[in-house]
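Quick notes on the structure that follows.
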Amino acid sequence: MTAALLVIHDTGDPKAGSRWTPLTDGWPGDALAPDLPGHGETPPPTGGHYKAGDAAIAAWRAADQAGIAGDTVVVLGHRWGGFAAEILAAAGRAERLVLVDGLGPPWATVEDLVADRHRWLRDVLADPASLAPPTASPDQRLAHAYASVWDRDFIRHLRRSITVPVLAIETPASPTPPGERDQRLAHYTGPARLIEAESPSGVGAALAEAGWLPQAP
């Protein structure tokens with residue numbers, strides 16, 4: 001049985017799931033790249049939440065509705081979508097995990113996170129419109145770069161819980177410093193491999209190089 005493919009696209013991508021049509025069309029089994037809430041053809045959720053956990057739930061719900069949420073699902077996450085894909089892998093929902101530019105940006109220190117939160121609060125209070133009740137527009141926090149509370153210890157703990165094989169595909173657009181990629185890959189408990197590609201369009205070739213592209217029956 002050929003494993004199904006579930007793609008979780010990057011947040012804010014105007015092409016949303018359609019960016020991955022060449023990969024899903026070429027996959028020899030079932031494949032799905034749904035538009036996350038607020039992207040493409042999918043309306044934003046009430047309240048405008050844009051958290052990785054919400055994306056993971058939305059993507060898995062789409063997979064379940066498509067009938068591919070079984071035990072043999074390869075989950076691919078692109079950039080921010082990579083963290084949502086890691087959540088699914090940690091929850092035991094992925095047979096394999098593919099991260100395209102998804103090892104994360106340079107880590108922030110606790111001091112940086114606190115400073116970012118203070119800056120965000122100052123920006124919000126300086127803009128009365130941000131305090132207005134939410135409308136059909138996205139979450140107002142996004143307009144002020146709401147500071148993340150994820151720190152390196154949390155990420156490491158999550159990655160240690162991932163025991164399935166991991167394939168990291170890094171391109172020149174990746175925010176991860178090249179010198180830190182192998183170090184971060186070592187956080188996973190399962191086998192992990194790094195392949196460099198010219199762009200996300202080369203993901204299919206990278207999967208084939210790693211032997212992760214199933215053969216058509």
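Ligands are numbered from 1 in the order shown, residues from 1 within each chain, and chains are lettered A, B, ... in the order they appear in the structure tokens.
With only C-alpha atoms taken into account, the protein and nucleic acid residues at most 6 Å from A:Pro165 (excluding it and anything under 3 positions from it in its own chain) are Arg96, Gly190, Pro191 and Ala192 of chain A.
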Inset, instruction - Find the residues around A:Val166 up to 12 Å (only C-alpha atoms counted), leave out those fewer than 3 positions away in its own chain, and share them as number ranges by chain. - result: A: 74-77, 82, 85-86, 89-90, 94-100, 102-103, 159-160, 162-163, 169, 184-195, 207, 210, 212
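In terms of minimum interatomic distance to A:Asp71, A:Ala91 ranks closest within A:Ala59, A:Ala33, A:Leu213, A:Ala91, counting only C-alpha atoms.
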Legend entry - DSSP helix (DSSP H, G or I) selection over stretch 47-99 of chain A, as a list in words: Ala52, Gly53, Asp54, Ala55, Ala56, Ile57, Ala58, Ala59, Trp60, Arg61, Ala62, Ala63, Asp64, Gln65, Trp80, Gly81, Gly82, Phe83, Ala84, Ala85, Glu86, Ile87, Leu88, Ala89 and Ala90 of chain A
Legend entry - Surrounding residues of stretch 104-106 of chain A excluding itself and chain neighbours under 6 positions, 7 Å, only C-alpha atoms, as a PyMOL selection string: chain A and resi 175-177
Inset, instruction - Go through A:Leu32, A:Val203, A:Ala115, A:Ala66 one by one, measure the shortest atom-to-atom distance of each to A:Leu6 using only C-alpha atoms, and give the residue with the smallest value. - result: A:Leu32
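Ranking A:Pro28, A:Gly179, A:Gly53, A:Pro37 by their shortest atom-to-atom distance to A:Ala84, with only C-alpha atoms included, puts A:Gly53 first.
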Inset, instruction - Could you find all residues in stretch 159-199 of chain A that DSSP calls strand (DSSP E) from the backbone, and write them as a PyMOL selection string? - result: chain A and resi 166-170+192-196
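The spacing separating atom CA of A:Glu41 from atom CA of A:Asp54 amounts to 17.1 Å.
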Inset, instruction - Go through A:His39, A:Arg181, A:Arg19, A:Arg122 and flag the residue nearest A:Asp101, using only C-alpha atoms for the distances. - result: A:Arg181
Inset, instruction - Find the residues around A:Ala55 up to 12 Å (only C-alpha atoms counted), leave out those fewer than 6 positions away in its own chain, and share them as a PyMOL selection string. - result: chain A and resi 7-11+34-39+44-45+48-49+61-62+77-78+80-88
Generate the output file for the selected residues, N, CA, C and O atoms, as a compact mmCIF listing (two decimals), in the first residue's frame.
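So the final result, stored in part.txt, reads:
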# COMPACT_ATOMS: atom_id res chain seq x y z
N VAL A 7 0.21 17.61 2.83
CA VAL A 7 1.09 18.78 2.81
C VAL A 7 0.45 19.90 3.62
O VAL A 7 -0.72 20.22 3.43
N ILE A 8 1.25 20.50 4.51
CA ILE A 8 0.81 21.67 5.28
C ILE A 8 1.63 22.86 4.80
O ILE A 8 2.84 22.94 5.06
N HIS A 9 0.97 23.77 4.10
CA HIS A 9 1.71 24.89 3.49
C HIS A 9 2.10 25.94 4.51
O HIS A 9 1.65 25.94 5.67
N ASP A 10 2.94 26.87 4.08
CA ASP A 10 3.41 27.95 4.94
C ASP A 10 2.29 28.95 5.21
O ASP A 10 1.40 29.14 4.37
N THR A 11 2.31 29.58 6.36
CA THR A 11 1.31 30.59 6.65
C THR A 11 1.57 31.86 5.82
O THR A 11 2.72 32.20 5.53
N PRO A 34 -4.28 20.81 1.47
CA PRO A 34 -5.44 21.67 1.71
C PRO A 34 -5.04 23.12 1.97
O PRO A 34 -3.93 23.40 2.44
N ASP A 35 -5.95 24.03 1.65
CA ASP A 35 -5.77 25.44 2.02
C ASP A 35 -6.09 25.56 3.51
O ASP A 35 -7.19 25.20 3.94
N LEU A 36 -5.17 26.08 4.29
CA LEU A 36 -5.42 26.29 5.70
C LEU A 36 -6.42 27.42 5.89
O LEU A 36 -6.61 28.24 4.98
N PRO A 37 -7.09 27.49 7.03
CA PRO A 37 -8.05 28.58 7.27
C PRO A 37 -7.43 29.95 7.02
O PRO A 37 -6.31 30.23 7.45
N GLY A 38 -8.17 30.77 6.27
CA GLY A 38 -7.69 32.10 5.94
C GLY A 38 -6.77 32.14 4.74
O GLY A 38 -6.22 33.20 4.40
N HIS A 39 -6.59 31.02 4.06
CA HIS A 39 -5.70 30.95 2.89
C HIS A 39 -6.47 30.35 1.71
O HIS A 39 -7.33 29.49 1.89
N PRO A 44 -11.23 32.47 6.83
CA PRO A 44 -10.57 32.48 8.13
C PRO A 44 -11.50 32.00 9.22
O PRO A 44 -12.72 32.13 9.10
N PRO A 45 -10.95 31.43 10.29
CA PRO A 45 -11.78 30.96 11.39
C PRO A 45 -12.32 32.13 12.21
O PRO A 45 -11.76 33.23 12.18
N GLY A 48 -9.96 34.57 14.12
CA GLY A 48 -8.71 34.77 13.38
C GLY A 48 -7.50 34.10 13.98
O GLY A 48 -6.41 34.65 13.95
N HIS A 49 -7.64 32.91 14.55
CA HIS A 49 -6.48 32.24 15.14
C HIS A 49 -5.54 31.74 14.05
O HIS A 49 -5.97 31.19 13.04
N ARG A 61 -8.01 17.33 9.85
CA ARG A 61 -9.45 17.22 9.57
C ARG A 61 -9.68 17.08 8.06
O ARG A 61 -10.52 16.28 7.63
N ALA A 62 -8.93 17.86 7.27
CA ALA A 62 -9.06 17.76 5.81
C ALA A 62 -8.64 16.37 5.33
O ALA A 62 -9.26 15.79 4.44
N GLY A 77 5.62 19.49 5.89
CA GLY A 77 5.34 20.85 6.32
C GLY A 77 6.34 21.82 5.74
O GLY A 77 7.55 21.54 5.74
N HIS A 78 5.84 22.95 5.23
CA HIS A 78 6.71 23.95 4.62
C HIS A 78 6.86 25.14 5.57
O HIS A 78 5.87 25.75 5.98
N TRP A 80 6.68 27.55 8.28
CA TRP A 80 5.84 27.58 9.48
C TRP A 80 4.97 26.33 9.55
O TRP A 80 4.71 25.82 10.65
N GLY A 81 4.54 25.83 8.40
CA GLY A 81 3.75 24.61 8.38
C GLY A 81 4.53 23.41 8.88
O GLY A 81 3.95 22.39 9.24
N GLY A 82 5.86 23.53 8.91
CA GLY A 82 6.68 22.45 9.42
C GLY A 82 6.43 22.19 10.89
O GLY A 82 6.46 21.05 11.35
N PHE A 83 6.17 23.25 11.66
CA PHE A 83 5.90 23.05 13.07
C PHE A 83 4.57 22.34 13.27
O PHE A 83 4.45 21.46 14.13
N ALA A 84 3.56 22.70 12.45
CA ALA A 84 2.29 21.98 12.51
C ALA A 84 2.49 20.51 12.15
O ALA A 84 1.87 19.62 12.76
N ALA A 85 3.35 20.25 11.17
CA ALA A 85 3.63 18.86 10.78
C ALA A 85 4.33 18.12 11.92
O ALA A 85 4.06 16.93 12.16
N GLU A 86 5.21 18.80 12.64
CA GLU A 86 5.88 18.17 13.79
C GLU A 86 4.87 17.81 14.88
O GLU A 86 5.01 16.79 15.55
N ILE A 87 3.87 18.65 15.08
CA ILE A 87 2.84 18.35 16.07
C ILE A 87 2.13 17.05 15.71
O ILE A 87 1.88 16.19 16.56
N LEU A 88 1.79 16.89 14.42
CA LEU A 88 1.13 15.66 13.99
C LEU A 88 2.03 14.44 14.17
O LEU A 88 1.59 13.37 14.59
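Residue neighbourhood of A:Trp60, excluding near-sequence residues (fewer than 3 positions): Leu6, Ala55, Ala56, Ile57, Ala63, Asp64, Gln65, Ala69, Leu88 and Arg93 of chain A, at 9 Å, using only C-alpha atoms.
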Restricted to N, CA and C atoms, what would the selected residues look like written as a tab-separated table (two decimals), in the first residue's frame?
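Result file part_25.tsv:
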chain	number	residue	atom	x	y	z
A	6	LEU	N	0.23	14.19	2.95
A	6	LEU	CA	-0.48	15.36	3.45
A	6	LEU	C	0.50	16.51	3.54
A	55	ALA	N	-3.46	24.89	12.79
A	55	ALA	CA	-3.13	24.41	11.44
A	55	ALA	C	-3.05	22.89	11.40
A	56	ALA	N	-2.46	22.30	12.44
A	56	ALA	CA	-2.35	20.84	12.48
A	56	ALA	C	-3.73	20.20	12.52
A	57	ILE	N	-4.62	20.76	13.33
A	57	ILE	CA	-5.98	20.21	13.43
A	57	ILE	C	-6.72	20.37	12.11
A	63	ALA	N	-7.58	15.82	5.94
A	63	ALA	CA	-7.13	14.48	5.56
A	63	ALA	C	-8.19	13.43	5.92
A	64	ASP	N	-8.80	13.61	7.07
A	64	ASP	CA	-9.85	12.67	7.50
A	64	ASP	C	-11.05	12.73	6.56
A	65	GLN	N	-11.44	13.95	6.16
A	65	GLN	CA	-12.56	14.11	5.24
A	65	GLN	C	-12.25	13.52	3.87
A	69	ALA	N	-6.63	9.69	6.35
A	69	ALA	CA	-6.06	9.81	7.70
A	69	ALA	C	-5.87	8.43	8.32
A	88	LEU	N	1.79	16.89	14.42
A	88	LEU	CA	1.13	15.66	13.99
A	88	LEU	C	2.03	14.44	14.17
A	93	ARG	N	0.61	10.70	14.26
A	93	ARG	CA	-0.24	10.73	13.07
A	93	ARG	C	0.55	10.64	11.76
Legend entry - Atomic separation - atom CA of A:Ala208 relative to atom CA of A:Pro172, Å: 19.7 Å
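You can rank A:Ala52, A:Ala197, A:Leu23, A:Ile155 by their closest distance to A:Ala168 using only C-alpha atoms, and at the top of that list sits A:Ala197.
Distance-wise, atom CA of A:Ala173 and atom CA of A:Pro22 end up 19.6 Å apart.
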